[in-house]
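**Q** This is upload29.pdb, which holds PDB, C-alpha atoms:
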```pdb
MODEL        1
ATOM      1  CA  MET C  15     220.596 106.244  22.371
ATOM      2  CA  ALA C  16     216.903 106.323  21.679
ATOM      3  CA  ILE C  17     215.361 104.557  18.734
ATOM      4  CA  LEU C  18     213.999 107.912  17.657
ATOM      5  CA  GLU C  19     217.520 109.071  16.933
ATOM      6  CA  LYS C  20     218.177 106.121  14.705
ATOM      7  CA  VAL C  21     215.457 106.597  12.086
ATOM      8  CA  ASP C  22     217.744 105.836   9.193
ATOM      9  CA  LYS C  23     215.370 104.753   6.474
ATOM     10  CA  LEU C  24     211.881 105.652   5.440
ATOM     11  CA  HIS C  25     209.647 102.698   5.995
ATOM     12  CA  ARG C  26     207.937 101.351   3.008
ATOM     13  CA  VAL C  27     204.809 100.976   5.093
ATOM     14  CA  ILE C  28     204.119 104.497   6.160
ATOM     15  CA  ALA C  29     200.402 104.778   5.906
ATOM     16  CA  TRP C  30     197.553 102.325   5.980
ATOM     17  CA  PRO C  31     194.873 103.376   3.501
ATOM     18  CA  GLY C  32     191.270 102.488   3.949
ATOM     19  CA  ASP C  33     187.794 103.718   3.414
ATOM     20  CA  MET C  34     184.581 103.676   5.326
ATOM     21  CA  PRO C  35     181.859 102.294   3.076
ATOM     22  CA  ILE C  36     178.817 104.057   4.453
ATOM     23  CA  THR C  37     175.494 104.507   2.750
ATOM     24  CA  GLY C  38     173.185 107.020   4.320
ATOM     25  CA  ARG C  39     169.458 107.044   3.770
ATOM     26  CA  TYR C  40     167.481 110.155   4.545
ATOM     27  CA  THR C  41     163.704 109.921   4.328
ATOM     28  CA  ALA C  42     161.678 112.979   3.413
ATOM     29  CA  GLY C  43     159.544 112.739   6.537
ATOM     30  CA  ILE C  44     155.781 112.943   6.854
ATOM     31  CA  ALA C  45     155.392 116.473   5.491
ATOM     32  CA  GLY C  46     158.217 115.977   3.013
ATOM     33  CA  GLU C  47     156.599 112.812   1.709
ATOM     34  CA  LYS C  48     153.428 114.675   0.786
ATOM     35  CA  PHE C  49     155.310 117.740  -0.465
ATOM     36  CA  PHE C  50     157.524 115.775  -2.845
ATOM     37  CA  ARG C  51     154.843 113.310  -3.942
ATOM     38  CA  THR C  52     152.725 116.254  -5.083
ATOM     39  CA  ILE C  53     155.647 117.683  -7.019
ATOM     40  CA  LYS C  54     156.278 114.261  -8.546
ATOM     41  CA  ASP C  55     152.696 113.251  -9.384
ATOM     42  CA  GLU C  56     151.089 116.614 -10.080
ATOM     43  CA  ALA C  57     153.865 119.187 -10.656
ATOM     44  CA  ARG C  58     152.275 121.323  -7.959
ATOM     45  CA  ILE C  59     153.953 122.906  -4.955
ATOM     46  CA  LEU C  60     152.206 122.650  -1.603
ATOM     47  CA  GLY C  61     152.638 124.576   1.574
ATOM     48  CA  THR C  62     151.181 124.230   5.074
ATOM     49  CA  ARG C  63     149.248 127.027   6.670
ATOM     50  CA  CYS C  64     149.185 128.266  10.243
ATOM     51  CA  GLU C  65     146.039 130.347  10.466
ATOM     52  CA  ALA C  66     146.903 131.648  13.928
ATOM     53  CA  CYS C  67     150.175 133.155  12.744
ATOM     54  CA  GLY C  68     148.968 133.878   9.253
ATOM     55  CA  LEU C  69     151.915 132.045   7.700
ATOM     56  CA  THR C  70     152.141 129.595   4.812
ATOM     57  CA  TYR C  71     155.274 127.472   5.001
ATOM     58  CA  VAL C  72     157.125 126.286   1.912
ATOM     59  CA  PRO C  73     158.625 123.703   1.938
ATOM     60  CA  ALA C  74     155.684 122.290   3.849
ATOM     61  CA  THR C  75     156.350 121.608   7.518
ATOM     62  CA  MET C  76     154.551 119.565  10.159
ATOM     63  CA  PHE C  77     154.473 122.358  12.701
ATOM     64  CA  CYS C  78     154.522 126.139  12.883
ATOM     65  CA  GLU C  79     157.949 127.517  13.701
ATOM     66  CA  ARG C  80     156.437 130.464  15.539
ATOM     67  CA  CYS C  81     153.761 128.907  17.718
ATOM     68  CA  PHE C  82     154.568 125.175  17.446
ATOM     69  CA  ALA C  83     151.010 124.300  16.451
ATOM     70  CA  GLU C  84     150.690 121.097  14.451
ATOM     71  CA  LEU C  85     149.809 122.046  10.884
ATOM     72  CA  ASP C  86     147.350 119.999   8.917
ATOM     73  CA  GLU C  87     146.053 122.585   6.495
ATOM     74  CA  TRP C  88     147.698 122.032   3.114
ATOM     75  CA  VAL C  89     147.446 124.716   0.444
ATOM     76  CA  GLU C  90     148.723 124.981  -3.074
ATOM     77  CA  VAL C  91     151.167 127.804  -3.662
ATOM     78  CA  GLU C  92     152.184 129.330  -6.970
ATOM     79  CA  SER C  93     155.115 127.846  -8.823
ATOM     80  CA  HIS C  94     156.344 131.308  -9.691
ATOM     81  CA  GLY C  95     157.835 133.978  -7.508
ATOM     82  CA  THR C  96     160.654 136.472  -7.174
ATOM     83  CA  VAL C  97     164.365 136.168  -6.614
ATOM     84  CA  PHE C  98     165.011 137.056  -2.983
ATOM     85  CA  THR C  99     168.769 136.567  -3.177
ATOM     86  CA  TYR C 100     171.160 134.809  -5.521
ATOM     87  CA  THR C 101     174.754 133.705  -6.074
ATOM     88  CA  VAL C 102     176.578 133.258  -9.354
ATOM     89  CA  LEU C 103     178.850 130.201  -9.102
ATOM     90  CA  HIS C 104     181.988 130.049 -11.224
ATOM     91  CA  ARG C 105     183.408 126.898  -9.586
ATOM     92  CA  ASP C 106     181.808 123.637  -8.564
ATOM     93  CA  LEU C 107     182.383 121.763  -5.296
ATOM     94  CA  ASP C 108     185.591 120.239  -6.666
ATOM     95  CA  GLU C 109     186.902 123.635  -7.867
ATOM     96  CA  ALA C 110     186.360 122.816 -11.528
ATOM     97  CA  ARG C 111     185.389 125.797 -13.681
ATOM     98  CA  LEU C 112     181.703 126.171 -14.396
ATOM     99  CA  ASP C 113     181.243 127.513 -17.887
ATOM    100  CA  PRO C 114     178.672 128.944 -18.186
ATOM    101  CA  PRO C 115     178.456 129.843 -14.501
ATOM    102  CA  ALA C 116     175.610 128.379 -12.452
ATOM    103  CA  ILE C 117     173.157 130.641 -10.686
ATOM    104  CA  LEU C 118     171.665 129.613  -7.346
ATOM    105  CA  ALA C 119     168.789 131.653  -6.011
ATOM    106  CA  TYR C 120     166.336 131.651  -3.147
ATOM    107  CA  VAL C 121     163.019 132.108  -4.913
ATOM    108  CA  LYS C 122     160.274 133.467  -2.714
ATOM    109  CA  LEU C 123     157.151 131.770  -4.044
ATOM    110  CA  ASP C 124     154.011 133.839  -4.622
ATOM    111  CA  GLY C 125     151.145 132.926  -2.323
ATOM    112  CA  SER C 126     153.432 131.760   0.462
ATOM    113  CA  ASP C 127     155.798 133.022   3.125
ATOM    114  CA  GLY C 128     158.497 130.604   2.108
ATOM    115  CA  GLY C 129     160.397 129.655  -0.982
ATOM    116  CA  LEU C 130     162.848 127.264  -2.543
ATOM    117  CA  VAL C 131     166.576 127.362  -3.144
ATOM    118  CA  HIS C 132     167.140 126.322  -6.727
ATOM    119  CA  TYR C 133     169.075 126.957  -9.905
ATOM    120  CA  LEU C 134     168.121 129.670 -12.365
ATOM    121  CA  GLY C 135     168.188 128.503 -15.965
ATOM    122  CA  GLU C 136     167.739 130.232 -19.306
ATOM    123  CA  THR C 137     169.103 133.268 -17.477
ATOM    124  CA  ASP C 138     171.947 135.646 -18.262
ATOM    125  CA  PRO C 139     174.097 135.917 -15.105
ATOM    126  CA  GLN C 140     174.443 139.645 -15.746
ATOM    127  CA  ALA C 141     170.684 140.096 -15.823
ATOM    128  CA  VAL C 142     169.849 138.454 -12.497
ATOM    129  CA  HIS C 143     168.624 140.866  -9.891
ATOM    130  CA  ILE C 144     166.842 140.791  -6.570
ATOM    131  CA  GLY C 145     163.160 140.982  -7.248
ATOM    132  CA  MET C 146     163.403 139.327 -10.675
ATOM    133  CA  ALA C 147     160.185 137.476 -11.498
ATOM    134  CA  VAL C 148     160.810 133.778 -12.176
ATOM    135  CA  GLU C 149     158.731 130.670 -12.797
ATOM    136  CA  ALA C 150     159.432 126.990 -12.197
ATOM    137  CA  VAL C 151     160.169 124.695 -15.131
ATOM    138  CA  PHE C 152     159.111 121.162 -14.234
ATOM    139  CA  LYS C 153     160.628 118.088 -15.807
ATOM    140  CA  ASP C 154     158.404 115.724 -17.778
ATOM    141  CA  ALA C 155     156.256 113.422 -15.661
ATOM    142  CA  ALA C 156     158.298 110.356 -16.601
ATOM    143  CA  GLU C 157     161.486 111.985 -15.331
ATOM    144  CA  ARG C 158     160.127 113.187 -12.022
ATOM    145  CA  GLN C 159     161.230 111.107  -9.024
ATOM    146  CA  GLY C 160     159.948 112.976  -5.992
ATOM    147  CA  SER C 161     162.990 115.190  -5.641
ATOM    148  CA  ILE C 162     163.554 118.940  -5.602
ATOM    149  CA  LEU C 163     165.266 118.349  -8.953
ATOM    150  CA  ASP C 164     161.878 117.473 -10.433
ATOM    151  CA  ILE C 165     161.923 121.215 -10.953
ATOM    152  CA  ALA C 166     164.682 121.574 -13.520
ATOM    153  CA  TYR C 167     165.235 125.262 -12.742
ATOM    154  CA  PHE C 168     163.478 128.593 -12.433
ATOM    155  CA  ARG C 169     163.511 130.884 -15.439
ATOM    156  CA  PRO C 170     162.656 134.540 -15.856
ATOM    157  CA  VAL C 171     159.000 135.167 -16.584
ATOM    158  CA  ALA C 172     158.726 136.306 -20.176
ATOM    159  CA  GLY C 173     157.606 139.885 -20.689
TER
ATOM    160  CA  MET U   3     162.667 101.956  30.392
ATOM    161  CA  THR U   4     162.122 100.889  26.782
ATOM    162  CA  GLN U   5     160.152  97.848  27.922
ATOM    163  CA  LYS U   6     157.344 100.185  28.951
ATOM    164  CA  ILE U   7     157.025 101.548  25.415
ATOM    165  CA  GLU U   8     155.036  99.176  23.247
ATOM    166  CA  LYS U   9     155.054 101.264  20.118
ATOM    167  CA  PHE U  10     157.376 104.132  19.404
ATOM    168  CA  PRO U  11     155.898 107.265  17.830
ATOM    169  CA  GLY U  12     156.577 107.646  14.138
ATOM    170  CA  VAL U  13     155.999 105.790  10.944
ATOM    171  CA  TYR U  14     157.361 102.242  10.801
ATOM    172  CA  LEU U  15     159.190 101.506   7.559
ATOM    173  CA  ARG U  16     160.442  98.282   6.003
ATOM    174  CA  GLU U  17     163.157  97.690   3.438
ATOM    175  CA  SER U  18     160.439  96.766   0.933
ATOM    176  CA  ASP U  19     158.874 100.222   1.364
ATOM    177  CA  PHE U  20     162.115 101.692   0.071
ATOM    178  CA  ARG U  21     162.644  99.168  -2.675
ATOM    179  CA  GLU U  22     159.073  99.399  -3.952
ATOM    180  CA  GLY U  23     159.016 103.195  -4.051
ATOM    181  CA  ARG U  24     156.520 103.869  -1.265
ATOM    182  CA  VAL U  25     158.914 106.145   0.541
ATOM    183  CA  ILE U  26     160.716 109.175  -0.849
ATOM    184  CA  PHE U  27     164.337 109.193   0.274
ATOM    185  CA  ASN U  28     167.822 110.377  -0.549
ATOM    186  CA  GLU U  29     170.771 108.043  -0.645
ATOM    187  CA  TRP U  30     174.182 109.384   0.129
ATOM    188  CA  LYS U  31     177.526 107.638  -0.163
ATOM    189  CA  PRO U  32     180.240 109.871   1.228
ATOM    190  CA  ASN U  33     183.750 109.514  -0.124
ATOM    191  CA  ALA U  34     185.241 108.635   3.250
ATOM    192  CA  GLN U  35     188.717 107.479   2.335
ATOM    193  CA  TYR U  36     191.573 107.837   4.770
ATOM    194  CA  ALA U  37     195.241 107.030   5.154
ATOM    195  CA  TRP U  38     196.250 106.339   8.714
ATOM    196  CA  ASP U  39     199.814 107.275   9.398
ATOM    197  CA  ALA U  40     201.484 104.323  11.095
ATOM    198  CA  GLY U  41     204.136 106.420  12.815
ATOM    199  CA  VAL U  42     207.784 105.631  13.444
ATOM    200  CA  ALA U  43     207.399 102.615  15.698
ATOM    201  CA  ILE U  44     204.465 100.818  14.080
ATOM    202  CA  GLY U  45     205.757 101.827  10.646
ATOM    203  CA  ARG U  46     208.936  99.843  11.308
ATOM    204  CA  TYR U  47     206.928  96.986  12.885
ATOM    205  CA  LEU U  48     204.810  96.671   9.728
ATOM    206  CA  ALA U  49     207.849  96.994   7.448
ATOM    207  CA  GLU U  50     209.547  94.151   9.328
ATOM    208  CA  LEU U  51     206.393  92.021   9.105
ATOM    209  CA  LYS U  52     206.595  92.476   5.347
ATOM    210  CA  GLU U  53     210.132  91.088   5.526
ATOM    211  CA  GLY U  54     208.868  88.112   7.537
ATOM    212  CA  ARG U  55     210.194  89.224  10.919
ATOM    213  CA  LEU U  56     208.813  90.209  14.287
ATOM    214  CA  ILE U  57     210.465  93.185  15.901
ATOM    215  CA  GLY U  58     210.170  94.643  19.395
ATOM    216  CA  VAL U  59     211.828  97.443  21.370
ATOM    217  CA  HIS U  60     213.931  97.447  24.517
ATOM    218  CA  CYS U  61     214.081  99.894  27.424
ATOM    219  CA  ARG U  62     217.458  99.740  29.157
ATOM    220  CA  GLY U  63     216.183 101.583  32.203
ATOM    221  CA  CYS U  64     213.411  99.094  32.892
ATOM    222  CA  ARG U  65     215.329  96.197  31.283
ATOM    223  CA  ARG U  66     212.141  95.465  29.356
ATOM    224  CA  THR U  67     211.555  94.204  25.821
ATOM    225  CA  VAL U  68     208.085  94.684  24.414
ATOM    226  CA  ILE U  69     206.108  94.061  21.245
ATOM    227  CA  PRO U  70     204.524  95.801  19.353
ATOM    228  CA  PRO U  71     207.163  98.536  19.288
ATOM    229  CA  ARG U  72     206.504 101.977  20.674
ATOM    230  CA  ASN U  73     208.662 105.117  20.797
ATOM    231  CA  PHE U  74     208.462 105.593  24.545
ATOM    232  CA  CYS U  75     208.552 103.264  27.526
ATOM    233  CA  GLU U  76     205.215 103.685  29.227
ATOM    234  CA  TRP U  77     206.710 102.667  32.576
ATOM    235  CA  CYS U  78     209.494 105.246  32.842
ATOM    236  CA  PHE U  79     208.567 107.624  29.992
ATOM    237  CA  ARG U  80     212.037 107.546  28.462
ATOM    238  CA  PRO U  81     212.403 106.992  24.717
ATOM    239  CA  MET U  82     212.890 103.314  23.919
ATOM    240  CA  ASP U  83     216.569 102.442  23.454
ATOM    241  CA  ASP U  84     216.932  99.558  21.007
ATOM    242  CA  TRP U  85     215.147  97.621  18.309
ATOM    243  CA  VAL U  86     215.154  93.882  19.007
ATOM    244  CA  THR U  87     214.447  91.222  16.400
ATOM    245  CA  LEU U  88     212.343  88.567  18.080
ATOM    246  CA  PRO U  89     211.710  84.925  17.194
ATOM    247  CA  ASP U  90     208.326  84.169  15.645
ATOM    248  CA  THR U  91     207.512  81.667  18.357
ATOM    249  CA  GLY U  92     205.649  82.021  21.595
ATOM    250  CA  THR U  93     203.293  80.660  24.200
ATOM    251  CA  VAL U  94     199.510  80.856  24.256
ATOM    252  CA  ASN U  95     198.505  83.208  27.085
ATOM    253  CA  THR U  96     194.765  83.070  26.489
ATOM    254  CA  PHE U  97     192.416  82.111  23.668
ATOM    255  CA  SER U  98     188.785  82.085  22.543
ATOM    256  CA  LEU U  99     186.884  79.628  20.407
ATOM    257  CA  CYS U 100     184.641  81.826  18.269
ATOM    258  CA  TYR U 101     181.639  80.131  16.731
ATOM    259  CA  VAL U 102     180.271  83.428  15.393
ATOM    260  CA  THR U 103     182.016  85.774  12.951
ATOM    261  CA  TRP U 104     182.098  89.546  13.428
ATOM    262  CA  ASP U 105     179.147  89.846  11.068
ATOM    263  CA  MET U 106     176.995  87.272  12.827
ATOM    264  CA  GLN U 107     177.570  84.192  10.712
ATOM    265  CA  TYR U 108     177.563  80.939  12.619
ATOM    266  CA  LEU U 109     180.544  78.643  12.149
ATOM    267  CA  ASP U 110     180.682  74.876  12.614
ATOM    268  CA  VAL U 111     184.444  74.958  13.008
ATOM    269  CA  PRO U 112     185.379  77.804  15.364
ATOM    270  CA  GLU U 113     187.902  80.504  14.605
ATOM    271  CA  ILE U 114     190.455  80.583  17.393
ATOM    272  CA  SER U 115     191.743  83.973  18.469
ATOM    273  CA  ALA U 116     194.557  84.017  20.977
ATOM    274  CA  VAL U 117     197.081  86.179  22.769
ATOM    275  CA  ILE U 118     200.519  84.728  22.131
ATOM    276  CA  ASP U 119     203.347  85.780  24.426
ATOM    277  CA  ILE U 120     206.277  86.228  22.061
ATOM    278  CA  ASP U 121     209.593  84.597  23.017
ATOM    279  CA  GLY U 122     212.216  87.190  23.888
ATOM    280  CA  THR U 123     209.852  89.695  25.456
ATOM    281  CA  MET U 124     210.612  90.284  29.094
ATOM    282  CA  PRO U 125     208.355  90.195  31.049
ATOM    283  CA  PRO U 126     206.247  88.160  28.589
ATOM    284  CA  VAL U 127     204.212  90.374  26.277
ATOM    285  CA  GLY U 128     201.604  89.069  23.889
ATOM    286  CA  ILE U 129     200.176  89.950  20.528
ATOM    287  CA  MET U 130     196.745  88.999  19.333
ATOM    288  CA  HIS U 131     196.412  86.629  16.418
ATOM    289  CA  MET U 132     194.640  83.491  15.285
ATOM    290  CA  LEU U 133     195.541  79.847  15.883
ATOM    291  CA  GLY U 134     195.350  77.388  13.016
ATOM    292  CA  ASP U 135     196.310  73.827  12.091
ATOM    293  CA  VAL U 136     195.078  72.766  15.510
ATOM    294  CA  ASP U 137     192.109  70.869  16.915
ATOM    295  CA  PRO U 138     190.054  73.427  18.892
ATOM    296  CA  ASP U 139     189.705  70.938  21.742
ATOM    297  CA  ALA U 140     193.477  70.568  21.988
ATOM    298  CA  VAL U 141     194.283  74.252  22.540
ATOM    299  CA  ARG U 142     195.746  74.929  25.963
ATOM    300  CA  ILE U 143     197.074  77.941  27.819
ATOM    301  CA  GLY U 144     200.815  77.465  27.816
ATOM    302  CA  MET U 145     200.823  75.735  24.423
ATOM    303  CA  ARG U 146     203.971  76.468  22.425
ATOM    304  CA  VAL U 147     203.227  77.895  18.988
ATOM    305  CA  GLN U 148     205.040  79.216  15.942
ATOM    306  CA  ALA U 149     203.997  81.660  13.230
ATOM    307  CA  VAL U 150     202.971  80.506   9.769
ATOM    308  CA  TRP U 151     203.805  83.258   7.313
ATOM    309  CA  LYS U 152     202.362  84.170   3.939
ATOM    310  CA  PRO U 153     204.826  83.758   1.076
ATOM    311  CA  ALA U 154     207.011  86.834   0.588
ATOM    312  CA  GLU U 155     205.235  88.057  -2.530
ATOM    313  CA  GLU U 156     201.874  88.104  -0.716
ATOM    314  CA  ARG U 157     203.054  90.021   2.337
ATOM    315  CA  GLU U 158     202.040  93.636   2.410
ATOM    316  CA  GLY U 159     203.154  95.013   5.759
ATOM    317  CA  SER U 160     200.277  93.898   7.919
ATOM    318  CA  ILE U 161     199.818  91.691  10.970
ATOM    319  CA  LEU U 162     198.009  89.385   8.557
ATOM    320  CA  ASP U 163     201.340  88.683   6.858
ATOM    321  CA  ILE U 164     201.315  86.011   9.547
ATOM    322  CA  LYS U 165     198.475  83.698   8.541
ATOM    323  CA  TYR U 166     198.160  82.172  12.019
ATOM    324  CA  PHE U 167     200.160  80.496  14.764
ATOM    325  CA  ARG U 168     200.267  76.716  14.949
ATOM    326  CA  PRO U 169     201.514  74.297  17.567
ATOM    327  CA  MET U 170     205.280  73.991  17.441
ATOM    328  CA  THR U 171     206.289  70.856  15.617
ATOM    329  CA  ASN U 172     209.016  69.978  18.114
ATOM    330  CA  ASP U 173     206.785  70.698  21.097
ATOM    331  CA  LYS U 174     208.135  69.520  24.415
TER
ENDMDL
END
```
Spell out the structure here as structure tokens.

**A**
Amino acid sequence: MAILEKVDKLHRVIAWPGDMPITGRYTAGIAGEKFFRTIKDEARILGTRCEACGLTYVPATMFCERCFAELDEWVEVESHGTVFTYTVLHRDLDEARLDPPAILAYVKLDGSDGGLVHYLGETDPQAVHIGMAVEAVFKDAAERQGSILDIAYFRPVAG
Amino acid sequence: MTQKIEKFPGVYLRESDFREGRVIFNEWKPNAQYAWDAGVAIGRYLAELKEGRLIGVHCRGCRRTVIPPRNFCEWCFRPMDDWVTLPDTGTVNTFSLCYVTWDMQYLDVPEISAVIDIDGTMPPVGIMHMLGDVDPDAVRIGMRVQAVWKPAEEREGSILDIKYFRPMTNDK
């Protein structure tokens, strides 16, 4: 004669809803601060150089991933490069249709050993290919906030 | 260990650095909503609170009545046998005078949290709640108290449907 056998009505209080109001703050870090400030103030992309390994890191890092040396040599890298890999997105994070589809690409920047993941704009999804030459399109100075989105997108290099 | 470190490595930041744009940062507010399933036993407990009643459960093997309800007797591991409607009166088992709120605000008049052994539970079992309508200096272990309920239209199926417990008016 357990109470479990006598569940004869659904309780009106079945679930207790709530939410966890959390705000997270993520700072760019020491290298990130300089990297994004330069994008914001000067529309230039910087990398850090490890002379011993012969590598230029983009985004700029504080230390070399190969030899762990602290990097303090900052160099400007080109804001154009080539598509290393890409994905054409037909749905957004909430499964809504994206029309036209968005194109995300890892753009390997000329003059560096790194690159940036970003959107491709002014681009026909059918025409994207690995190795496609693209250039960054920066937003106007007034709109730049020190974010990766200060670059609006990368577009194919004309000609 | 930390007393030996005078200054931690890193860059010290203040709120004003963020507000005045000296630091580049991302702000992220996750949509962290949840619905916690009350379950059979607590679901009924909350539903009864909404009706203005306290309810417990009884184990015939242990001859024990407890509140809040649970599906299984934790002494003998058998399913609980019966639902028992309990009076909304009890005895103060222990209490605290809290001069600080959970978010560090100081209070002149303390909030009084207490464990109140509910009449009808055997052996006496308490629930946590607040005491009100009472002089903090007059609270005693063993004090007889009764629940003060919210009006029916304000009750929502929560332990807070009881506003607080106050000294019984016909106290012996």

**Q** Given the file shown, enumerate the residues that the PyMOL selection byres ((chain U) within 7 of (chain C)) captures and present them as a list in words.

**A**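 Evaluating the PyMOL selection byres ((chain U) within 7 of (chain C)) on this file yields Ile26, Phe27, Asn28, Glu29, Trp30, Lys31, Pro32, Ala34, Gln35, Tyr36, Ala37, Trp38, Asp39, Ala40, Gly41, Gly45, Arg46, Leu48, Ala49, Asn73, Pro81, Met82, Asp83, Asp84, Trp85 and Gly159 of chain U.
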
**Q** Store the residues picked out above in a file with C-alpha atoms, as a CSV table (one decimal), in the frame of the given file.

**A**
```csv
chain,number,residue,atom,x,y,z
U,26,ILE,CA,160.7,109.2,-0.8
U,27,PHE,CA,164.3,109.2,0.3
U,28,ASN,CA,167.8,110.4,-0.5
U,29,GLU,CA,170.8,108.0,-0.6
U,30,TRP,CA,174.2,109.4,0.1
U,31,LYS,CA,177.5,107.6,-0.2
U,32,PRO,CA,180.2,109.9,1.2
U,34,ALA,CA,185.2,108.6,3.2
U,35,GLN,CA,188.7,107.5,2.3
U,36,TYR,CA,191.6,107.8,4.8
U,37,ALA,CA,195.2,107.0,5.2
U,38,TRP,CA,196.2,106.3,8.7
U,39,ASP,CA,199.8,107.3,9.4
U,40,ALA,CA,201.5,104.3,11.1
U,41,GLY,CA,204.1,106.4,12.8
U,45,GLY,CA,205.8,101.8,10.6
U,46,ARG,CA,208.9,99.8,11.3
U,48,LEU,CA,204.8,96.7,9.7
U,49,ALA,CA,207.8,97.0,7.4
U,73,ASN,CA,208.7,105.1,20.8
U,81,PRO,CA,212.4,107.0,24.7
U,82,MET,CA,212.9,103.3,23.9
U,83,ASP,CA,216.6,102.4,23.5
U,84,ASP,CA,216.9,99.6,21.0
U,85,TRP,CA,215.1,97.6,18.3
U,159,GLY,CA,203.2,95.0,5.8
```

**Q** Hey, which of U:Asp119, U:Glu8, U:Glu156, U:Glu22 ends up closest to U:Gly144? Count all atoms listed in the file.

**A**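 Distance minimum relative to U:Gly144 lands on U:Asp119.
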
**Q** I need the residue nearest C:Leu134 from this list: C:His104, C:Asp113, C:Tyr167, C:Cys78. Use only C-alpha atoms for the distance.

**A**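 Looking only at the distances to C:Leu134, the closest residue turns out to be C:Tyr167.
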
**Q** Apply the PyMOL selection byres ((chain U and resi 136) around 12) to the file shown and report the selected residues as a list in words.

**A**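 Given this file, the PyMOL selection byres ((chain U and resi 136) around 12) evaluates to Leu99, Val111, Pro112, Glu113, Ile114, Met132, Leu133, Gly134, Asp135, Asp137, Pro138, Asp139, Ala140, Val141, Arg142, Met145, Arg146, Val147, Gln148, Tyr166, Phe167, Arg168, Pro169, Met170 and Thr171 of chain U.
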
**Q** Specify as an NGL selection string each residue included when the PyMOL selection byres ((chain C and resi 114-126) around 7) is applied to this file.

**A** :C and (70-72 or 91-104 or 112-113 or 127-134 or 139)

**Q** List the residues sitting within 9 Å of (204.7, 92.1, 15.2) in the file's frame, using all atoms listed in the file, as a PyMOL selection string.

**A** chain U and resi 44+47-48+50-51+55-58+69-71+88+90+129+160-161+164

**Q** Figure out the distance between atom CA of C:Phe168 and atom CA of C:Ala150, please, to one decimal in Å.

**A**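 Rounded to one decimal, the two atoms are 4.4 Å apart.
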
**Q** Please report the interatomic distance between atom CA of U:Cys61 and atom CA of U:Pro126 in Å with one decimal.

**A**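 Atom CA of U:Pro126 lies 14.2 Å from atom CA of U:Cys61.
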
**Q** Give as a PyMOL selection string each residue that has an atom at most 12 Å from (156.0, 116.7, 10.6) in the file, counting all atoms listed in the file.

**A** (chain C and resi 42-49+62+73-79+82-86) or (chain U and resi 11-13)

**Q** In Å, how far is it from atom CA of U:Gly92 to atom CA of U:Glu158?

**A** 22.7 Å

**Q** Considering all atoms listed in the file, return as an MDAnalysis selection string whatever protein or nucleic-acid residues lie within 8 Å of C:Ile165, sequence-local ones (same chain, fewer than 6 positions apart) excluded.

**A** chainID C and resid 150:153

**Q** Just need the box for stretch 40-43 of chain U, edges along x, y and z, holding every atom the file lists for it with 4 Å tacked onto each side, so centre and edge lengths in Å to one decimal, as AutoDock Vina command-line options.

**A**
```
--center_x 204.6 --center_y 104.5 --center_z 13.4 --size_x 14.3 --size_y 11.8 --size_z 12.6
```

**Q** Please provide as a list in words all residues within 7 Å of U:His131, with the sequence filter that same-chain residues fewer than 3 positions apart are discarded (counting all atoms listed in the file).

**A**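 Here the answer would be Ser115, Ala116, Val117 and Tyr166 of chain U.
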